[in-house]
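Content type mmCIF, C-alpha atoms, from the file entry04.cif:
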```cif
data_my_file
#
loop_
_atom_site.label_atom_id
_atom_site.label_comp_id
_atom_site.auth_asym_id
_atom_site.auth_seq_id
_atom_site.Cartn_x
_atom_site.Cartn_y
_atom_site.Cartn_z
CA MET A 1 85.43 133.73 120.20
CA ILE A 2 82.20 135.51 121.05
CA LYS A 3 78.99 133.47 121.24
CA GLY A 4 76.00 134.42 119.08
CA ILE A 5 78.08 135.65 116.15
CA THR A 6 78.10 133.81 112.83
CA ARG A 7 81.66 133.73 111.48
CA ILE A 8 81.75 133.69 107.67
CA ALA A 9 84.95 133.15 105.68
CA ILE A 10 85.05 134.01 102.01
CA SER A 11 87.65 132.01 100.16
CA GLY A 12 88.86 131.45 96.63
CA VAL A 13 91.65 132.10 94.19
CA GLU A 14 92.63 135.64 93.29
CA SER A 15 90.20 137.89 91.43
CA THR A 16 87.06 135.95 92.30
CA GLY A 17 85.31 138.87 94.01
CA LYS A 18 85.99 137.97 97.65
CA THR A 19 86.37 141.54 98.91
CA THR A 20 83.49 142.83 96.78
CA LEU A 21 81.29 140.04 98.13
CA ALA A 22 82.42 140.67 101.71
CA LEU A 23 81.40 144.31 101.45
CA ALA A 24 78.02 143.56 99.86
CA LEU A 25 77.27 140.73 102.28
CA SER A 26 78.23 142.88 105.25
CA LYS A 27 75.67 145.47 104.15
CA ALA A 28 73.01 142.81 103.59
CA LEU A 29 73.60 141.19 106.99
CA GLY A 30 74.70 144.22 108.99
CA ALA A 31 77.99 142.40 109.60
CA GLU A 32 81.49 143.51 110.49
CA VAL A 33 84.32 142.74 108.05
CA ALA A 34 87.85 141.51 108.72
CA PHE A 35 89.66 142.52 105.56
CA GLU A 36 92.54 140.47 104.18
CA SER A 37 95.56 141.60 106.18
CA ALA A 38 97.96 140.38 103.48
CA ARG A 39 96.74 143.09 101.09
CA ASN A 40 98.47 145.78 103.15
CA ASP A 41 101.49 143.78 104.24
CA PRO A 42 104.71 145.56 103.19
CA ARG A 43 106.46 142.33 102.11
CA VAL A 44 103.45 141.23 100.04
CA ARG A 45 103.19 144.65 98.40
CA ALA A 46 106.93 144.70 97.66
CA GLY A 47 106.81 141.19 96.18
CA THR A 48 109.40 139.94 98.68
CA ILE A 49 107.21 137.52 100.61
CA GLU A 50 108.81 134.28 101.71
CA GLN A 51 107.33 131.04 102.99
CA PRO A 52 107.76 131.87 106.73
CA ASP A 53 105.75 135.08 106.20
CA LEU A 54 102.60 133.05 105.55
CA LYS A 55 102.37 131.90 109.18
CA ARG A 56 102.68 135.53 110.27
CA LEU A 57 99.96 136.56 107.79
CA ALA A 58 97.64 133.79 109.07
CA ASN A 59 98.14 135.03 112.61
CA ALA A 60 97.51 138.63 111.55
CA GLN A 61 94.29 137.56 109.80
CA TRP A 62 93.13 135.62 112.85
CA HIS A 63 93.68 138.71 115.01
CA ALA A 64 91.79 140.83 112.44
CA CYS A 65 88.91 138.35 112.71
CA LEU A 66 88.92 138.56 116.52
CA ALA A 67 88.98 142.38 116.35
CA ALA A 68 86.00 142.29 113.97
CA GLU A 69 84.20 140.04 116.46
CA GLU A 70 84.78 142.63 119.18
CA ARG A 71 83.36 145.34 116.91
CA ALA A 72 80.39 143.11 116.13
CA SER A 73 79.76 142.49 119.81
CA LYS A 74 79.83 146.21 120.58
CA SER A 75 77.55 147.06 117.64
CA GLN A 76 75.27 144.07 118.38
CA SER A 77 75.90 142.64 114.93
CA SER A 78 75.26 138.93 114.58
CA ALA A 79 77.89 138.23 111.91
CA VAL A 80 81.53 138.75 111.01
CA ILE A 81 82.92 138.22 107.51
CA SER A 82 86.56 137.61 106.63
CA ASP A 83 87.45 138.07 102.97
CA THR A 84 90.16 135.42 103.25
CA ASP A 85 90.80 132.26 105.25
CA SER A 86 93.29 129.55 106.10
CA THR A 87 92.60 127.82 102.78
CA VAL A 88 93.92 130.86 100.87
CA ILE A 89 97.13 130.83 102.90
CA ARG A 90 97.48 127.03 102.70
CA MET A 91 97.05 127.09 98.90
CA TRP A 92 99.44 130.06 98.64
CA GLY A 93 102.07 127.96 100.43
CA ARG A 94 101.50 124.93 98.24
CA TRP A 95 101.17 126.78 94.92
CA VAL A 96 103.99 129.31 95.32
CA PHE A 97 106.41 127.60 97.71
CA ASP A 98 105.49 123.92 97.27
CA ALA A 99 105.27 123.74 101.05
CA GLU A 100 102.85 123.09 103.88
CA ILE A 101 102.38 126.10 106.13
CA PRO A 102 102.33 125.40 109.88
CA GLY A 103 100.32 127.41 112.38
CA LEU A 104 97.02 127.73 110.51
CA GLU A 105 94.89 126.00 113.16
CA ASP A 106 93.46 129.10 114.87
CA LEU A 107 92.43 130.72 111.59
CA GLU A 108 91.10 127.41 110.25
CA LYS A 109 88.87 126.91 113.30
CA TRP A 110 87.62 130.50 113.29
CA ALA A 111 84.93 130.30 110.58
CA ASP A 112 81.54 128.67 111.09
CA ILE A 113 80.91 128.52 107.34
CA THR A 114 83.03 129.17 104.25
CA LEU A 115 81.77 130.66 101.00
CA ILE A 116 84.11 129.65 98.17
CA CYS A 117 84.04 131.93 95.13
CA ALA A 118 84.39 130.29 91.73
CA PRO A 119 86.85 131.74 89.18
CA ASN A 120 84.11 132.28 86.61
CA ILE A 121 84.12 136.07 86.55
CA PRO A 122 86.62 138.17 84.57
CA TRP A 123 90.13 138.45 86.00
CA VAL A 124 91.02 142.02 86.97
CA ALA A 125 94.67 143.08 86.87
CA ASP A 126 96.16 144.13 90.20
CA PRO A 127 99.83 144.47 91.24
CA LEU A 128 99.32 141.70 93.82
CA ARG A 129 97.81 139.19 91.37
CA SER A 130 99.78 136.66 89.40
CA LEU A 131 97.33 134.28 87.69
CA PRO A 132 95.82 135.95 84.60
CA ASP A 133 95.40 132.58 82.88
CA LEU A 134 91.93 131.14 83.53
CA SER A 135 93.16 127.53 83.34
CA ASP A 136 95.65 128.23 86.16
CA ARG A 137 92.90 129.75 88.32
CA GLN A 138 90.57 126.81 87.58
CA LYS A 139 93.28 124.30 88.47
CA LEU A 140 94.02 126.10 91.74
CA HIS A 141 90.29 126.42 92.44
CA GLN A 142 90.00 122.63 92.24
CA HIS A 143 92.69 122.37 94.92
CA TYR A 144 90.60 124.71 97.10
CA LEU A 145 87.54 122.51 96.59
CA ASP A 146 89.52 119.37 97.41
CA GLU A 147 90.83 121.00 100.59
CA LEU A 148 87.33 122.00 101.73
CA GLN A 149 85.91 118.57 100.89
CA ASN A 150 88.60 117.03 103.10
CA ARG A 151 87.32 119.12 106.01
CA ALA A 152 84.19 117.02 106.43
CA ASP A 153 83.20 118.76 109.67
CA HIS A 154 83.19 122.24 108.13
CA PRO A 155 80.24 123.57 106.12
CA TRP A 156 80.99 125.40 102.89
CA VAL A 157 79.06 126.60 99.86
CA LEU A 158 80.24 127.21 96.30
CA ILE A 159 79.41 130.74 95.15
CA ASP A 160 79.38 130.68 91.37
CA GLY A 161 76.93 133.35 90.24
CA LEU A 162 78.10 135.21 87.15
CA THR A 163 77.21 138.65 88.52
CA GLN A 164 77.85 140.38 91.84
CA GLU A 165 74.11 140.41 92.47
CA LYS A 166 73.78 136.64 91.94
CA ARG A 167 76.78 135.97 94.18
CA LEU A 168 75.26 138.11 96.89
CA GLU A 169 71.90 136.30 96.58
CA GLN A 170 73.64 132.90 96.81
CA SER A 171 75.64 134.04 99.83
CA VAL A 172 72.67 135.46 101.72
CA ARG A 173 70.71 132.24 101.11
CA ALA A 174 73.68 130.13 102.23
CA VAL A 175 74.08 132.07 105.47
CA GLN A 176 70.33 132.02 106.16
CA PHE A 177 70.24 128.26 105.58
CA PHE A 178 73.30 127.74 107.77
CA ARG A 179 71.76 129.80 110.58
CA SER A 180 68.40 128.00 110.40
CA ASP A 181 70.10 124.60 110.21
CA SER A 182 72.38 125.49 113.13
CA SER A 183 69.47 126.64 115.29
CA LEU A 184 67.62 123.37 114.63
CA SER A 185 70.58 121.29 115.81
CA GLU A 186 71.04 123.22 119.08
#
```

Kindly present the structure from the file in structure tokens form.
Amino acid sequence: MIKGITRIAISGVESTGKTTLALALSKALGAEVAFESARNDPRVRAGTIEQPDLKRLANAQWHACLAAEERASKSQSSAVISDTDSTVIRMWGRWVFDAEIPGLEDLEKWADITLICAPNIPWVADPLRSLPDLSDRQKLHQHYLDELQNRADHPWVLIDGLTQEKRLEQSVRAVQFFRSDSSLSE
């Protein structure tokens, strides 16, 4: 990992605005983005994904994050944003396959801070989405929060603004606070 770059993971259940936020935050911070590699995976798109595929997807995402770091280094950007993280893949394994997914360590250690998007914006239909029921998304969201709370050494912030603008404001403030707090502890 390249020094001097803030690594930001955006996490949350489906249809919580992770990619939209990643794009807006990248513009606000001048950051590079590592887009969710699972979105373009042939097995995911075909609906034929199996439990062992999740380890492969985590590895692909980690490599996408490292590639974004390289781009950031070349462009002298001070941040990289991933619109997914190990928590998404871990919860996918638990929720869909009732299984723990091995091999998430590299992706889990990648982010300096995680922004977790609340499921309090309207669900948008998409062929890759499967949780139109708000109560299902809220229940899964609680599992995400529990997982992040169990990672006591990892900073995270709940992003729960009801508009894209509010979510962006919350995210910018969270990253600014993280950076100022990190520089004070160095």

Exercise. Enumerate, as a list in words, the protein, DNA and RNA residues whose atoms approach (88.0, 136.7, 102.1) to within 9 Å, taking into account only C-alpha atoms and the coordinate frame of the file.
Key: Ile8, Ala9, Ile10, Ser11, Gly12, Gly17, Lys18, Thr19, Leu21, Ala22, Ala34, Phe35, Glu36, Ile81, Ser82, Asp83, Thr84, Asp85, Val88, Leu115 and Ile116 of chain A

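Taking atom CA of Lys27 of chain A as the reference point, atom CA of Lys166 of chain A is found at 15.2 Å.
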
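You can rank A:Glu50, A:Ala58, A:Lys74, A:Cys117 by their closest distance to Phe97 of chain A using all atoms listed in the file, and at the top of that list sits A:Glu50.
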
Self-check item: Nearest to Leu54 of chain A, chosen from A:Thr20, A:Thr6, A:Gly103, A:Ala31, with only C-alpha atoms counted in the distances
Solution: A:Gly103

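With all atoms listed in the file as the atoms that count, the residue of A:Thr87, A:Ser77, A:Thr163, A:Thr48 with the shortest distance to Glu147 of chain A is A:Thr87.
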
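Note that atom CA of Ile89 of chain A and atom CA of Asn40 of chain A are 15.0 Å apart.
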
Quiz prompt | Contacts of Leu168 of chain A within 8 Å, all atoms listed in the file, excl. fewer than 3 positions in-chain, as a VMD selection string | solution = chain A and resid 21 24 to 25 164 to 165 171 to 172

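The space separating atom CA of Leu162 of chain A from atom CA of Leu107 of chain A comes to 28.7 Å.
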
Exercise. Please evaluate the PyMOL selection byres ((chain A and resi 121) around 9) against the structure above and give the resulting residues as an NGL selection string.
Key: :A and (15-17 or 118-120 or 122-123 or 160-163)

Starting from the displayed file, determine the output of the PyMOL selection byres ((chain A and resi 68) around 8) and express the residue list as a compact mmCIF listing (two decimals) with C-alpha atoms, in the frame of the given file.
```
# COMPACT_ATOMS: atom_id res chain seq x y z
CA GLU A 32 81.49 143.51 110.49
CA VAL A 33 84.32 142.74 108.05
CA ALA A 34 87.85 141.51 108.72
CA ALA A 64 91.79 140.83 112.44
CA CYS A 65 88.91 138.35 112.71
CA LEU A 66 88.92 138.56 116.52
CA ALA A 67 88.98 142.38 116.35
CA GLU A 69 84.20 140.04 116.46
CA GLU A 70 84.78 142.63 119.18
CA ARG A 71 83.36 145.34 116.91
CA ALA A 72 80.39 143.11 116.13
CA VAL A 80 81.53 138.75 111.01
```

Practice problem: Step by step, work through what the PyMOL selection byres ((chain A and resi 127-136) around 9) selects in the shown file, and finish by giving those residues as a PyMOL selection string. | Solution: chain A and resi 13-15+39+44-45+47+119-120+122-126+137-141

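Using all atoms listed in the file, the protein and nucleic acid residues lying at most 10 Å from the point (101.9, 127.4, 101.3) are Glu50, Gln51, Pro52, Asp53, Leu54, Lys55, Thr87, Val88, Ile89, Arg90, Met91, Trp92, Gly93, Arg94, Trp95, Val96, Phe97, Asp98, Ala99, Glu100, Ile101 and Pro102 of chain A.
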
Quiz prompt | Which of A:Thr114, A:Asn59, A:Ser26, A:Ser86 sits closest to Phe178 of chain A [using all atoms listed in the file] | solution = A:Thr114

Starting from the sparse input, extend segment 15-39 of chain A to N, CA, C and O atoms and give the output as an mmCIF file, in the coordinates of the input.
```
data_model
loop_
_atom_site.group_PDB
_atom_site.id
_atom_site.type_symbol
_atom_site.label_atom_id
_atom_site.label_comp_id
_atom_site.auth_asym_id
_atom_site.auth_seq_id
_atom_site.Cartn_x
_atom_site.Cartn_y
_atom_site.Cartn_z
ATOM 1 N N SER A 15 91.115 137.270 92.401
ATOM 2 C CA SER A 15 90.200 137.890 91.430
ATOM 3 C C SER A 15 88.900 137.119 91.251
ATOM 4 O O SER A 15 88.393 136.987 90.135
ATOM 5 N N THR A 16 88.360 136.627 92.359
ATOM 6 C CA THR A 16 87.060 135.950 92.300
ATOM 7 C C THR A 16 85.983 136.764 93.029
ATOM 8 O O THR A 16 84.895 136.261 93.255
ATOM 9 N N GLY A 17 86.307 137.992 93.408
ATOM 10 C CA GLY A 17 85.310 138.870 94.010
ATOM 11 C C GLY A 17 85.121 138.712 95.500
ATOM 12 O O GLY A 17 84.072 139.079 96.028
ATOM 13 N N LYS A 18 86.131 138.211 96.202
ATOM 14 C CA LYS A 18 85.990 137.970 97.650
ATOM 15 C C LYS A 18 85.734 139.266 98.420
ATOM 16 O O LYS A 18 84.816 139.324 99.235
ATOM 17 N N THR A 19 86.531 140.286 98.170
ATOM 18 C CA THR A 19 86.370 141.540 98.910
ATOM 19 C C THR A 19 85.072 142.234 98.520
ATOM 20 O O THR A 19 84.345 142.744 99.390
ATOM 21 N N THR A 20 84.748 142.236 97.243
ATOM 22 C CA THR A 20 83.490 142.830 96.780
ATOM 23 C C THR A 20 82.302 142.134 97.445
ATOM 24 O O THR A 20 81.370 142.783 97.921
ATOM 25 N N LEU A 21 82.364 140.809 97.492
ATOM 26 C CA LEU A 21 81.290 140.040 98.130
ATOM 27 C C LEU A 21 81.246 140.318 99.627
ATOM 28 O O LEU A 21 80.154 140.474 100.196
ATOM 29 N N ALA A 22 82.394 140.391 100.269
ATOM 30 C CA ALA A 22 82.420 140.670 101.710
ATOM 31 C C ALA A 22 81.736 141.993 102.031
ATOM 32 O O ALA A 22 80.947 142.088 102.979
ATOM 33 N N LEU A 23 82.014 143.000 101.228
ATOM 34 C CA LEU A 23 81.400 144.310 101.450
ATOM 35 C C LEU A 23 79.890 144.269 101.240
ATOM 36 O O LEU A 23 79.118 144.790 102.052
ATOM 37 N N ALA A 24 79.453 143.642 100.150
ATOM 38 C CA ALA A 24 78.020 143.560 99.860
ATOM 39 C C ALA A 24 77.293 142.718 100.908
ATOM 40 O O ALA A 24 76.210 143.089 101.382
ATOM 41 N N LEU A 25 77.889 141.598 101.288
ATOM 42 C CA LEU A 25 77.270 140.730 102.280
ATOM 43 C C LEU A 25 77.224 141.401 103.645
ATOM 44 O O LEU A 25 76.252 141.247 104.386
ATOM 45 N N SER A 26 78.239 142.177 103.955
ATOM 46 C CA SER A 26 78.230 142.880 105.250
ATOM 47 C C SER A 26 77.084 143.888 105.313
ATOM 48 O O SER A 26 76.445 144.039 106.353
ATOM 49 N N LYS A 27 76.808 144.537 104.187
ATOM 50 C CA LYS A 27 75.670 145.470 104.150
ATOM 51 C C LYS A 27 74.353 144.714 104.267
ATOM 52 O O LYS A 27 73.448 145.134 104.987
ATOM 53 N N ALA A 28 74.248 143.594 103.566
ATOM 54 C CA ALA A 28 73.010 142.810 103.590
ATOM 55 C C ALA A 28 72.720 142.228 104.970
ATOM 56 O O ALA A 28 71.562 142.134 105.381
ATOM 57 N N LEU A 29 73.779 141.831 105.683
ATOM 58 C CA LEU A 29 73.600 141.190 106.990
ATOM 59 C C LEU A 29 73.835 142.125 108.174
ATOM 60 O O LEU A 29 73.604 141.737 109.319
ATOM 61 N N GLY A 30 74.321 143.328 107.898
ATOM 62 C CA GLY A 30 74.700 144.220 108.990
ATOM 63 C C GLY A 30 75.901 143.653 109.743
ATOM 64 O O GLY A 30 75.977 143.729 110.969
ATOM 65 N N ALA A 31 76.843 143.087 109.009
ATOM 66 C CA ALA A 31 77.990 142.400 109.600
ATOM 67 C C ALA A 31 79.240 143.267 109.606
ATOM 68 O O ALA A 31 79.360 144.208 108.824
ATOM 69 N N GLU A 32 80.159 142.905 110.469
ATOM 70 C CA GLU A 32 81.490 143.510 110.490
ATOM 71 C C GLU A 32 82.383 142.734 109.535
ATOM 72 O O GLU A 32 82.155 141.543 109.297
ATOM 73 N N VAL A 33 83.408 143.388 108.991
ATOM 74 C CA VAL A 33 84.320 142.740 108.050
ATOM 75 C C VAL A 33 85.743 142.754 108.592
ATOM 76 O O VAL A 33 86.213 143.773 109.096
ATOM 77 N N ALA A 34 86.409 141.617 108.465
ATOM 78 C CA ALA A 34 87.850 141.510 108.720
ATOM 79 C C ALA A 34 88.499 141.407 107.345
ATOM 80 O O ALA A 34 88.427 140.362 106.697
ATOM 81 N N PHE A 35 89.072 142.505 106.891
ATOM 82 C CA PHE A 35 89.660 142.520 105.560
ATOM 83 C C PHE A 35 90.982 141.764 105.534
ATOM 84 O O PHE A 35 91.675 141.656 106.541
ATOM 85 N N GLU A 36 91.325 141.255 104.366
ATOM 86 C CA GLU A 36 92.540 140.470 104.180
ATOM 87 C C GLU A 36 93.764 141.279 104.591
ATOM 88 O O GLU A 36 94.132 142.247 103.937
ATOM 89 N N SER A 37 94.407 140.867 105.672
ATOM 90 C CA SER A 37 95.560 141.600 106.180
ATOM 91 C C SER A 37 96.748 141.544 105.222
ATOM 92 O O SER A 37 97.558 142.466 105.184
ATOM 93 N N ALA A 38 96.842 140.501 104.417
ATOM 94 C CA ALA A 38 97.960 140.380 103.480
ATOM 95 C C ALA A 38 97.986 141.498 102.450
ATOM 96 O O ALA A 38 99.049 141.895 101.973
ATOM 97 N N ARG A 39 96.819 142.037 102.115
ATOM 98 C CA ARG A 39 96.740 143.090 101.090
ATOM 99 C C ARG A 39 97.590 144.304 101.437
ATOM 100 O O ARG A 39 98.094 144.982 100.552
#
```
